[in-house]
Amino acid sequence: MTDTAAAFDPRALASRLNNLRRAGEQAPTADFALPTDLRHAMDAQNFLAAAETISSNAWKVTVSPDGQAVTAPLSPYHEAVSGATIPWHAGMKFEAEIAVRLGKDLPHRDTPYSRAEIIDAIDSVYLGAELLVSGIRESGALSFLLFLADRLGNSGYVLGPALPKTIIDTVGGAPLKVTLNGASIYDGPAGHPKGDVLTWLSAYADDKQRPDSSLKSGALITTGTLCGAIVLSEPGVIEIALGSDRLQLTVG
C-alpha cells in the first residue's frame with residue numbers, strides 16, 4: 001500500500017524495518033507504506049539507525065536510479081585485526097570493496113570537487129567486505145526510497161588491511177579471489193560498477209542536500225563492490241585475496 005506524503009510516518013517504517021531485521025525476516029514492498037521523497041526516506045533511515053544504536057562513523061555511498069547521491073551507515077562494523085564475525089542470514093550477499101578514510105573535511109561548496117581534491121582529502125585506503133540483507137524482499141528493485149530507508153540493505157562491514165593509496169587508480173583489473181569455506185565464489189578481475197571507485201564519493205561530495213555533518217575528517221567511506229553482489233549459500237569463513245593483500249572474516 002502507498003500512503004500520501006501527509007500520512008507517511010517515518011518512525012513507523014523504521015520500527016517495522018528494525019523488527020524485520022531483528023527477526024531475520026523479509027516482507028514484500030507492497031506491504032510497506034512507502035517514502036514519497038528523499039527526505040522521508042532519510043528520516044526513516046535515521047530513526048532505524050537510532051533504534052539499532054549505530055554509533056560507527058562508517059558509511060556506504062551510492063547513487064539512486066535517478067542520479068541522486070545517497071549514503072547509509074555501516075553496522076555492525078568490525079576491524080579484522082581484532083577478529084570479525086557478522087551474523088549470517090539466509091539470502092545474505094557479500095561484496096569486496098575499497099574503503100577510504102578522510103583526513104580532511106569535504107565541506108559544502110558552490111564549485112564541484114575535482115578528483116584530485118577528493119584524493120587529497122583521503123588519508124588512508126583499505127580492503128573491506130560488506131554484507132547485505134534487506135528487510136525488503138525485493139531489496140530496491142521496486143522502491144529505491146524504501147531500500148534507502150533500510151540502510152541500503154547493509155547488514156555489516158569488516159575493515160581489512162591498509163592498502164597503498166595508489167590502489168585507488170590501479171584496482172581495476174587487479175586479480176581478486178574470494179572463497180567461502182575454502183570453495184571459490186569469485187575468481188577474476190576486480191571491477192567497480194562505474195569503473196572509478198571514487199565515482200559515488202565524488203557525487204556525494206558535490207550533493208547540496210547532504211547533511212553539514214557529513215564527509216568530515218575521520219569518516220570511513222566504502223566505495224562500492226569490486227566483484228558484484230555474491231549470495232552466500234551458507235555461513236562460514238570468507239577469505240578475500242586482492243593481489244597479495246588478504247582479509248578474512250566469519251559469517252555465522
# chains A, B, ... in the order shown; residues from 1 in each chain; ligands from 1
call {"tool": "select_by_dssp", "arguments": {"residues": "segment 11-230 of chain A", "states": "strand (DSSP E)", "output": "JSON, numbers by chain"}}
result
{"A": [58, 59, 60, 61, 62, 63, 69, 70, 71, 72, 73, 77, 78, 79, 85, 86, 93, 94, 95, 96, 97, 98, 99, 100, 101, 102, 122, 123, 124, 125, 126, 127, 128, 129, 130, 131, 132, 154, 155, 156, 157, 158, 159, 160, 161, 162, 163, 175, 176, 177, 178, 179, 180, 183, 184, 185, 186, 187, 188, 189, 220, 221, 222, 223, 224, 225, 230]}
call {"tool": "residues_around", "arguments": {"residues": "segment 116-119 of chain A", "least_positions_apart": "5", "cutoff": "9 Å", "atoms": "only C-alpha atoms", "output": "list in words"}}
result
Leu106, Lys165, Ile168, Leu198, Leu201, Ser202 and Ala205 of chain A
call {"tool": "write_last_selection", "arguments": {"atoms": "N, CA and C atoms", "output": "PDB file, in the first residue's frame"}}
result
ATOM      1  N   LEU A 106      35.390  17.542   3.740  1.00  0.00           N
ATOM      2  CA  LEU A 106      34.912  17.927   2.404  1.00  0.00           C
ATOM      3  C   LEU A 106      33.608  18.703   2.598  1.00  0.00           C
ATOM      4  N   LYS A 165      47.804   3.947  -1.228  1.00  0.00           N
ATOM      5  CA  LYS A 165      46.802   4.895  -1.731  1.00  0.00           C
ATOM      6  C   LYS A 165      46.671   4.817  -3.255  1.00  0.00           C
ATOM      7  N   ILE A 168      43.683   3.208  -5.489  1.00  0.00           N
ATOM      8  CA  ILE A 168      42.507   3.926  -5.998  1.00  0.00           C
ATOM      9  C   ILE A 168      42.531   3.975  -7.527  1.00  0.00           C
ATOM     10  N   LEU A 198      35.990   6.101  -7.037  1.00  0.00           N
ATOM     11  CA  LEU A 198      35.643   7.373  -6.404  1.00  0.00           C
ATOM     12  C   LEU A 198      34.386   8.022  -6.992  1.00  0.00           C
ATOM     13  N   LEU A 201      31.553   8.599  -4.276  1.00  0.00           N
ATOM     14  CA  LEU A 201      32.019   9.525  -3.248  1.00  0.00           C
ATOM     15  C   LEU A 201      32.088  10.939  -3.812  1.00  0.00           C
ATOM     16  N   SER A 202      32.570  11.075  -5.020  1.00  0.00           N
ATOM     17  CA  SER A 202      32.632  12.394  -5.655  1.00  0.00           C
ATOM     18  C   SER A 202      31.244  12.986  -5.827  1.00  0.00           C
ATOM     19  N   ALA A 205      30.023  14.143  -2.456  1.00  0.00           N
ATOM     20  CA  ALA A 205      30.723  15.354  -2.021  1.00  0.00           C
ATOM     21  C   ALA A 205      30.097  16.602  -2.640  1.00  0.00           C
TER      22      ALA A 205
END
call {"tool": "residues_around", "arguments": {"residues": "Gly191 of chain A", "least_positions_apart": "4", "cutoff": "10 Å", "atoms": "only C-alpha atoms", "output": "VMD selection string"}}
result
chain A and resid 97 171 to 176 195 to 197 224 to 228
call {"tool": "write_last_selection", "arguments": {"atoms": "N, CA and C atoms", "output": "tab-separated table (two decimals), in the first residue's frame"}}
result
chain	number	residue	atom	x	y	z
A	97	GLU	N	35.26	-4.70	-1.33
A	97	GLU	CA	35.26	-3.27	-1.65
A	97	GLU	C	36.55	-2.58	-1.22
A	171	VAL	N	43.22	-0.42	-8.97
A	171	VAL	CA	42.49	-1.63	-8.57
A	171	VAL	C	41.72	-2.26	-9.73
A	172	GLY	N	41.27	-1.47	-10.69
A	172	GLY	CA	40.53	-2.03	-11.82
A	172	GLY	C	41.35	-3.06	-12.58
A	173	GLY	N	40.85	-4.29	-12.66
A	173	GLY	CA	41.56	-5.35	-13.35
A	173	GLY	C	42.52	-6.14	-12.49
A	174	ALA	N	42.73	-5.71	-11.23
A	174	ALA	CA	43.63	-6.45	-10.33
A	174	ALA	C	43.02	-7.81	-10.02
A	175	PRO	N	43.85	-8.84	-9.83
A	175	PRO	CA	43.32	-10.17	-9.54
A	175	PRO	C	42.63	-10.21	-8.18
A	176	LEU	N	41.41	-10.72	-8.17
A	176	LEU	CA	40.60	-10.79	-6.95
A	176	LEU	C	40.05	-12.20	-6.80
A	195	GLY	N	33.60	1.85	-12.91
A	195	GLY	CA	34.97	1.94	-13.36
A	195	GLY	C	35.88	2.60	-12.35
A	196	ASP	N	35.54	3.78	-11.91
A	196	ASP	CA	36.32	4.54	-10.95
A	196	ASP	C	35.71	4.37	-9.56
A	197	VAL	N	36.50	3.89	-8.59
A	197	VAL	CA	35.96	3.65	-7.24
A	197	VAL	C	35.55	4.95	-6.54
A	224	GLY	N	31.98	0.84	-2.99
A	224	GLY	CA	31.22	0.04	-3.93
A	224	GLY	C	31.92	-1.25	-4.29
A	225	THR	N	31.14	-2.21	-4.74
A	225	THR	CA	31.65	-3.57	-4.94
A	225	THR	C	32.68	-3.66	-6.06
A	226	LEU	N	33.62	-4.60	-5.87
A	226	LEU	CA	34.61	-4.93	-6.89
A	226	LEU	C	34.32	-6.28	-7.54
A	227	CYS	N	33.28	-6.97	-7.07
A	227	CYS	CA	33.01	-8.33	-7.55
A	227	CYS	C	31.53	-8.61	-7.74
A	228	GLY	N	30.69	-7.57	-7.77
A	228	GLY	CA	29.26	-7.79	-7.80
A	228	GLY	C	28.78	-8.19	-6.42
call {"tool": "closest_atom_pairs", "arguments": {"of": "segment 88-157 of chain A", "to": "segment 245-250 of chain A", "cutoff": "9 Å", "atoms": "only C-alpha atoms", "output": "Markdown table"}}
result
| residue | atom | partner | partner_atom | distance |
| --- | --- | --- | --- | --- |
| A:Trp88 | CA | A:Thr250 | CA | 8.8 |
| A:Leu127 | CA | A:Leu247 | CA | 7.3 |
| A:Gly128 | CA | A:Leu247 | CA | 7.6 |
| A:Ala129 | CA | A:Leu247 | CA | 8.2 |
call {"tool": "select_by_dssp", "arguments": {"residues": "segment 3-81 of chain A", "states": "helix (DSSP H, G or I)", "output": "ChimeraX atom specification"}}
result
/A:10-23,29-31,38-51,80-81
call {"tool": "write_last_selection", "arguments": {"atoms": "N, CA and C atoms", "output": "JSON list (two decimals), in the first residue's frame"}}
result
[["chain", "number", "residue", "atom", "x", "y", "z"],
["A", 10, "PRO", "N", 7.67, 8.14, 9.25],
["A", 10, "PRO", "CA", 9.00, 7.55, 9.17],
["A", 10, "PRO", "C", 9.35, 6.70, 10.40],
["A", 11, "ARG", "N", 8.82, 7.09, 11.57],
["A", 11, "ARG", "CA", 9.08, 6.28, 12.77],
["A", 11, "ARG", "C", 8.47, 4.90, 12.64],
["A", 12, "ALA", "N", 7.26, 4.84, 12.11],
["A", 12, "ALA", "CA", 6.58, 3.55, 11.96],
["A", 12, "ALA", "C", 7.33, 2.67, 10.97],
["A", 13, "LEU", "N", 7.80, 3.25, 9.86],
["A", 13, "LEU", "CA", 8.56, 2.47, 8.89],
["A", 13, "LEU", "C", 9.86, 1.97, 9.51],
["A", 14, "ALA", "N", 10.56, 2.83, 10.23],
["A", 14, "ALA", "CA", 11.81, 2.42, 10.87],
["A", 14, "ALA", "C", 11.57, 1.28, 11.85],
["A", 15, "SER", "N", 10.50, 1.37, 12.62],
["A", 15, "SER", "CA", 10.18, 0.31, 13.58],
["A", 15, "SER", "C", 9.90, -1.01, 12.87],
["A", 16, "ARG", "N", 9.17, -0.94, 11.77],
["A", 16, "ARG", "CA", 8.87, -2.17, 11.00],
["A", 16, "ARG", "C", 10.16, -2.79, 10.45],
["A", 17, "LEU", "N", 11.01, -1.98, 9.88],
["A", 17, "LEU", "CA", 12.27, -2.47, 9.32],
["A", 17, "LEU", "C", 13.16, -3.04, 10.42],
["A", 18, "ASN", "N", 13.20, -2.38, 11.56],
["A", 18, "ASN", "CA", 14.02, -2.86, 12.67],
["A", 18, "ASN", "C", 13.52, -4.22, 13.16],
["A", 19, "ASN", "N", 12.21, -4.38, 13.27],
["A", 19, "ASN", "CA", 11.65, -5.65, 13.71],
["A", 19, "ASN", "C", 11.95, -6.77, 12.72],
["A", 20, "LEU", "N", 11.87, -6.47, 11.43],
["A", 20, "LEU", "CA", 12.18, -7.47, 10.41],
["A", 20, "LEU", "C", 13.66, -7.86, 10.48],
["A", 21, "ARG", "N", 14.52, -6.89, 10.63],
["A", 21, "ARG", "CA", 15.96, -7.17, 10.71],
["A", 21, "ARG", "C", 16.27, -8.02, 11.94],
["A", 22, "ARG", "N", 15.69, -7.68, 13.08],
["A", 22, "ARG", "CA", 15.96, -8.42, 14.32],
["A", 22, "ARG", "C", 15.48, -9.86, 14.21],
["A", 23, "ALA", "N", 14.39, -10.07, 13.48],
["A", 23, "ALA", "CA", 13.83, -11.42, 13.33],
["A", 23, "ALA", "C", 14.46, -12.19, 12.17],
["A", 29, "THR", "N", 7.58, -5.44, -0.83],
["A", 29, "THR", "CA", 7.43, -3.99, -0.94],
["A", 29, "THR", "C", 5.98, -3.55, -0.78],
["A", 30, "ALA", "N", 5.07, -4.34, -1.31],
["A", 30, "ALA", "CA", 3.65, -3.98, -1.28],
["A", 30, "ALA", "C", 3.09, -3.89, 0.14],
["A", 31, "ASP", "N", 3.78, -4.47, 1.11],
["A", 31, "ASP", "CA", 3.30, -4.44, 2.49],
["A", 31, "ASP", "C", 3.72, -3.19, 3.25],
["A", 38, "LEU", "N", 13.06, 11.88, -0.89],
["A", 38, "LEU", "CA", 14.33, 11.60, -0.25],
["A", 38, "LEU", "C", 14.31, 11.95, 1.23],
["A", 39, "ARG", "N", 13.68, 13.05, 1.58],
["A", 39, "ARG", "CA", 13.65, 13.46, 2.98],
["A", 39, "ARG", "C", 12.94, 12.41, 3.83],
["A", 40, "HIS", "N", 11.81, 11.91, 3.36],
["A", 40, "HIS", "CA", 11.09, 10.87, 4.11],
["A", 40, "HIS", "C", 11.95, 9.62, 4.28],
["A", 41, "ALA", "N", 12.63, 9.22, 3.21],
["A", 41, "ALA", "CA", 13.47, 8.02, 3.26],
["A", 41, "ALA", "C", 14.60, 8.20, 4.26],
["A", 42, "MET", "N", 15.24, 9.37, 4.25],
["A", 42, "MET", "CA", 16.35, 9.61, 5.16],
["A", 42, "MET", "C", 15.86, 9.78, 6.60],
["A", 43, "ASP", "N", 14.68, 10.35, 6.80],
["A", 43, "ASP", "CA", 14.12, 10.42, 8.15],
["A", 43, "ASP", "C", 13.93, 9.01, 8.70],
["A", 44, "ALA", "N", 13.37, 8.12, 7.88],
["A", 44, "ALA", "CA", 13.15, 6.74, 8.33],
["A", 44, "ALA", "C", 14.50, 6.05, 8.59],
["A", 45, "GLN", "N", 15.48, 6.28, 7.71],
["A", 45, "GLN", "CA", 16.79, 5.67, 7.90],
["A", 45, "GLN", "C", 17.42, 6.14, 9.21],
["A", 46, "ASN", "N", 17.29, 7.42, 9.52],
["A", 46, "ASN", "CA", 17.86, 7.95, 10.75],
["A", 46, "ASN", "C", 17.18, 7.35, 11.98],
["A", 47, "PHE", "N", 15.86, 7.17, 11.92],
["A", 47, "PHE", "CA", 15.16, 6.54, 13.03],
["A", 47, "PHE", "C", 15.58, 5.06, 13.16],
["A", 48, "LEU", "N", 15.79, 4.39, 12.04],
["A", 48, "LEU", "CA", 16.25, 3.00, 12.07],
["A", 48, "LEU", "C", 17.64, 2.91, 12.70],
["A", 49, "ALA", "N", 18.55, 3.80, 12.29],
["A", 49, "ALA", "CA", 19.90, 3.81, 12.85],
["A", 49, "ALA", "C", 19.86, 4.07, 14.36],
["A", 50, "ALA", "N", 18.95, 4.93, 14.80],
["A", 50, "ALA", "CA", 18.82, 5.20, 16.24],
["A", 50, "ALA", "C", 18.31, 3.97, 16.97],
["A", 51, "ALA", "N", 17.33, 3.28, 16.37],
["A", 51, "ALA", "CA", 16.78, 2.08, 17.00],
["A", 51, "ALA", "C", 17.84, 0.98, 17.11],
["A", 80, "ALA", "N", 39.10, -6.23, 11.05],
["A", 80, "ALA", "CA", 39.51, -7.63, 11.00],
["A", 80, "ALA", "C", 40.68, -7.94, 11.93],
["A", 81, "VAL", "N", 41.50, -6.94, 12.22],
["A", 81, "VAL", "CA", 42.68, -7.20, 13.07],
["A", 81, "VAL", "C", 42.27, -7.63, 14.47]]
call {"tool": "closest_atom_pairs", "arguments": {"of": "segment 89-182 of chain A", "to": "segment 59-66 of chain A", "cutoff": "10 Å", "atoms": "only C-alpha atoms", "output": "tab-separated table"}}
result
residue	atom	partner	partner_atom	distance
A:Ala99	CA	A:Lys60	CA	9.0
A:Glu130	CA	A:Lys60	CA	9.3
A:Gly140	CA	A:Ser64	CA	9.7
A:Phe144	CA	A:Ser64	CA	7.0
A:Leu145	CA	A:Ser64	CA	8.5
A:Leu148	CA	A:Ser64	CA	8.9
A:Arg151	CA	A:Lys60	CA	9.0
A:Leu152	CA	A:Lys60	CA	8.4
A:Asn154	CA	A:Lys60	CA	8.4
A:Tyr157	CA	A:Trp59	CA	9.6
call {"tool": "write_last_selection", "arguments": {"atoms": "C-alpha atoms", "output": "compact mmCIF listing (two decimals), in the first residue's frame"}}
result
# COMPACT_ATOMS: atom_id res chain seq x y z
CA ALA A 99 37.22 1.81 1.72
CA GLU A 130 30.28 -5.55 3.03
CA GLY A 140 15.46 -1.81 -4.02
CA PHE A 144 14.67 2.63 -4.12
CA LEU A 145 13.48 5.09 -1.46
CA LEU A 148 17.35 3.68 1.20
CA ARG A 151 20.15 1.45 5.16
CA LEU A 152 20.62 0.36 1.53
CA ASN A 154 23.71 -3.06 4.75
CA TYR A 157 31.07 -4.35 7.34
call {"tool": "residues_around", "arguments": {"residues": "Pro28 of chain A", "least_positions_apart": "5", "cutoff": "9 Å", "atoms": "only C-alpha atoms", "output": "compact mmCIF listing (two decimals) with N, CA and C atoms, in the first residue's frame"}}
result
# COMPACT_ATOMS: atom_id res chain seq x y z
N GLY A 135 15.48 -6.04 4.81
CA GLY A 135 14.19 -6.48 5.33
C GLY A 135 13.11 -6.45 4.27
N ILE A 136 13.47 -5.98 3.08
CA ILE A 136 12.54 -5.88 1.95
C ILE A 136 12.84 -7.01 0.97
N ARG A 137 11.84 -7.79 0.65
CA ARG A 137 12.07 -8.98 -0.17
C ARG A 137 12.69 -8.65 -1.52
N GLU A 138 12.28 -7.58 -2.14
CA GLU A 138 12.81 -7.20 -3.46
C GLU A 138 13.99 -6.24 -3.37
N SER A 139 14.51 -6.02 -2.15
CA SER A 139 15.54 -5.01 -1.94
C SER A 139 15.09 -3.68 -2.54
call {"tool": "closest_residue", "arguments": {"among": "A:Asp120, A:Pro76, A:Glu25, A:Leu159", "to": "His89 of chain A", "atoms": "only C-alpha atoms"}}
result
A:Glu25
call {"tool": "atom_distance", "arguments": {"atom1": "atom CA of Lys93 of chain A", "atom2": "atom CA of Thr166 of chain A"}}
result
27.9 Å
call {"tool": "atom_distance", "arguments": {"atom1": "atom CA of Gln209 of chain A", "atom2": "atom CA of Phe94 of chain A"}}
result
29.4 Å
call {"tool": "closest_residue", "arguments": {"among": "A:Thr36, A:Ser184, A:Thr85, A:Thr199", "to": "Pro235 of chain A", "atoms": "only C-alpha atoms"}}
result
A:Thr85
call {"tool": "closest_residue", "arguments": {"among": "A:Ile230, A:Ala121, A:Leu146, A:Leu74", "to": "Phe32 of chain A", "atoms": "only C-alpha atoms"}}
result
A:Leu146
call {"tool": "residues_around", "arguments": {"residues": "Ser233 of chain A", "least_positions_apart": "2", "cutoff": "12 Å", "atoms": "only C-alpha atoms", "output": "VMD selection string"}}
result
chain A and resid 88 to 94 179 to 181 183 185 230 to 231 235 to 238 251 to 252
call {"tool": "closest_residue", "arguments": {"among": "A:Ala203, A:Val125, A:Ala141, A:Val133", "to": "Gly67 of chain A", "atoms": "only C-alpha atoms"}}
result
A:Ala203
call {"tool": "closest_residue", "arguments": {"among": "A:Ala7, A:Glu239, A:Asp105, A:Gln26", "to": "Ser134 of chain A", "atoms": "only C-alpha atoms"}}
result
A:Gln26
call {"tool": "atom_distance", "arguments": {"atom1": "atom CA of Tyr126 of chain A", "atom2": "atom CA of Trp200 of chain A"}}
result
16.8 Å
call {"tool": "residues_around", "arguments": {"residues": "Gly218 of chain A", "least_positions_apart": "4", "cutoff": "8 Å", "atoms": "only C-alpha atoms", "output": "list of chain:residue names"}}
result
A:Asn57, A:Arg101, A:Leu102, A:Gly103, A:Lys104
call {"tool": "decode", "arguments": {"residues": "segment 24-128 of chain A", "atoms": "C-alpha atoms", "output": "mmCIF file, in the first residue's frame"}}
result
data_model
loop_
_atom_site.group_PDB
_atom_site.id
_atom_site.type_symbol
_atom_site.label_atom_id
_atom_site.label_comp_id
_atom_site.auth_asym_id
_atom_site.auth_seq_id
_atom_site.Cartn_x
_atom_site.Cartn_y
_atom_site.Cartn_z
ATOM 1 C CA GLY A 24 15.859 -12.160 10.205
ATOM 2 C CA GLU A 25 12.697 -11.862 8.117
ATOM 3 C CA GLN A 26 11.621 -10.068 4.953
ATOM 4 C CA ALA A 27 8.371 -8.537 3.733
ATOM 5 C CA PRO A 28 7.330 -7.600 0.178
ATOM 6 C CA THR A 29 7.431 -3.988 -0.939
ATOM 7 C CA ALA A 30 3.648 -3.982 -1.278
ATOM 8 C CA ASP A 31 3.303 -4.443 2.489
ATOM 9 C CA PHE A 32 5.034 -1.155 3.320
ATOM 10 C CA ALA A 33 3.934 2.451 3.488
ATOM 11 C CA LEU A 34 6.409 3.941 1.022
ATOM 12 C CA PRO A 35 8.539 7.055 1.450
ATOM 13 C CA THR A 36 7.467 9.627 -1.116
ATOM 14 C CA ASP A 37 10.697 11.605 -1.321
ATOM 15 C CA LEU A 38 14.335 11.603 -0.255
ATOM 16 C CA ARG A 39 13.651 13.459 2.985
ATOM 17 C CA HIS A 40 11.094 10.869 4.110
ATOM 18 C CA ALA A 41 13.466 8.021 3.260
ATOM 19 C CA MET A 42 16.350 9.611 5.162
ATOM 20 C CA ASP A 43 14.119 10.422 8.147
ATOM 21 C CA ALA A 44 13.155 6.742 8.332
ATOM 22 C CA GLN A 45 16.794 5.673 7.901
ATOM 23 C CA ASN A 46 17.863 7.953 10.749
ATOM 24 C CA PHE A 47 15.159 6.536 13.030
ATOM 25 C CA LEU A 48 16.250 2.999 12.070
ATOM 26 C CA ALA A 49 19.900 3.807 12.852
ATOM 27 C CA ALA A 50 18.824 5.203 16.237
ATOM 28 C CA ALA A 51 16.782 2.079 17.002
ATOM 29 C CA GLU A 52 19.816 -0.051 16.131
ATOM 30 C CA THR A 53 22.026 2.233 18.280
ATOM 31 C CA ILE A 54 24.518 2.667 15.431
ATOM 32 C CA SER A 55 27.491 4.746 16.524
ATOM 33 C CA SER A 56 30.179 3.922 13.945
ATOM 34 C CA ASN A 57 31.466 6.694 11.697
ATOM 35 C CA ALA A 58 31.480 4.342 8.700
ATOM 36 C CA TRP A 59 29.291 4.886 5.631
ATOM 37 C CA LYS A 60 28.410 3.482 2.225
ATOM 38 C CA VAL A 61 27.721 5.749 -0.743
ATOM 39 C CA THR A 62 25.899 5.101 -3.977
ATOM 40 C CA VAL A 63 23.631 6.854 -6.476
ATOM 41 C CA SER A 64 19.900 6.282 -6.934
ATOM 42 C CA PRO A 65 18.419 5.277 -10.305
ATOM 43 C CA ASP A 66 17.605 8.945 -10.974
ATOM 44 C CA GLY A 67 21.139 10.098 -10.168
ATOM 45 C CA GLN A 68 20.749 11.270 -6.560
ATOM 46 C CA ALA A 69 23.815 10.575 -4.397
ATOM 47 C CA VAL A 70 22.856 8.861 -1.133
ATOM 48 C CA THR A 71 24.507 7.297 1.893
ATOM 49 C CA ALA A 72 23.772 4.931 4.777
ATOM 50 C CA PRO A 73 25.625 3.895 7.943
ATOM 51 C CA LEU A 74 27.532 0.593 8.066
ATOM 52 C CA SER A 75 26.633 -1.640 11.010
ATOM 53 C CA PRO A 76 27.701 -3.868 12.637
ATOM 54 C CA TYR A 77 31.190 -2.547 11.907
ATOM 55 C CA HIS A 78 34.330 -4.516 12.742
ATOM 56 C CA GLU A 79 38.030 -4.287 12.031
ATOM 57 C CA ALA A 80 39.507 -7.627 11.004
ATOM 58 C CA VAL A 81 42.676 -7.196 13.070
ATOM 59 C CA SER A 82 40.587 -7.672 16.221
ATOM 60 C CA GLY A 83 38.537 -10.556 14.842
ATOM 61 C CA ALA A 84 35.314 -10.196 12.912
ATOM 62 C CA THR A 85 32.114 -12.238 12.954
ATOM 63 C CA ILE A 86 28.943 -10.989 11.262
ATOM 64 C CA PRO A 87 25.607 -12.797 11.853
ATOM 65 C CA TRP A 88 24.586 -14.852 8.826
ATOM 66 C CA HIS A 89 21.038 -14.827 7.414
ATOM 67 C CA ALA A 90 19.543 -16.722 4.503
ATOM 68 C CA GLY A 91 19.919 -14.672 1.325
ATOM 69 C CA MET A 92 22.888 -12.710 2.647
ATOM 70 C CA LYS A 93 25.105 -11.188 -0.040
ATOM 71 C CA PHE A 94 28.771 -10.290 0.012
ATOM 72 C CA GLU A 95 30.815 -7.574 -1.692
ATOM 73 C CA ALA A 96 34.580 -6.999 -1.665
ATOM 74 C CA GLU A 97 35.261 -3.271 -1.650
ATOM 75 C CA ILE A 98 37.773 -0.476 -1.277
ATOM 76 C CA ALA A 99 37.215 1.807 1.722
ATOM 77 C CA VAL A 100 38.782 5.213 2.329
ATOM 78 C CA ARG A 101 39.214 7.257 5.490
ATOM 79 C CA LEU A 102 39.130 11.024 5.157
ATOM 80 C CA GLY A 103 41.978 13.060 6.606
ATOM 81 C CA LYS A 104 40.357 16.369 5.669
ATOM 82 C CA ASP A 105 36.802 17.697 5.686
ATOM 83 C CA LEU A 106 34.912 17.927 2.404
ATOM 84 C CA PRO A 107 32.515 20.769 3.228
ATOM 85 C CA HIS A 108 29.686 22.041 1.052
ATOM 86 C CA ARG A 109 30.788 24.483 -1.614
ATOM 87 C CA ASP A 110 29.439 26.004 -4.817
ATOM 88 C CA THR A 111 32.009 24.516 -7.200
ATOM 89 C CA PRO A 112 32.355 20.750 -7.773
ATOM 90 C CA TYR A 113 35.301 18.920 -6.237
ATOM 91 C CA SER A 114 37.924 17.662 -8.653
ATOM 92 C CA ARG A 115 39.014 14.043 -8.421
ATOM 93 C CA ALA A 116 42.441 15.256 -7.315
ATOM 94 C CA GLU A 117 40.868 17.170 -4.436
ATOM 95 C CA ILE A 118 38.936 14.081 -3.329
ATOM 96 C CA ILE A 119 42.148 12.034 -3.381
ATOM 97 C CA ASP A 120 43.981 14.750 -1.449
ATOM 98 C CA ALA A 121 41.310 14.575 1.289
ATOM 99 C CA ILE A 122 41.804 10.807 1.677
ATOM 100 C CA ASP A 123 44.178 9.852 4.466
ATOM 101 C CA SER A 124 44.170 6.054 4.124
ATOM 102 C CA VAL A 125 42.786 3.241 1.975
ATOM 103 C CA TYR A 126 41.699 -0.271 2.961
ATOM 104 C CA LEU A 127 40.387 -3.571 1.677
ATOM 105 C CA GLY A 128 36.886 -4.128 3.065
#
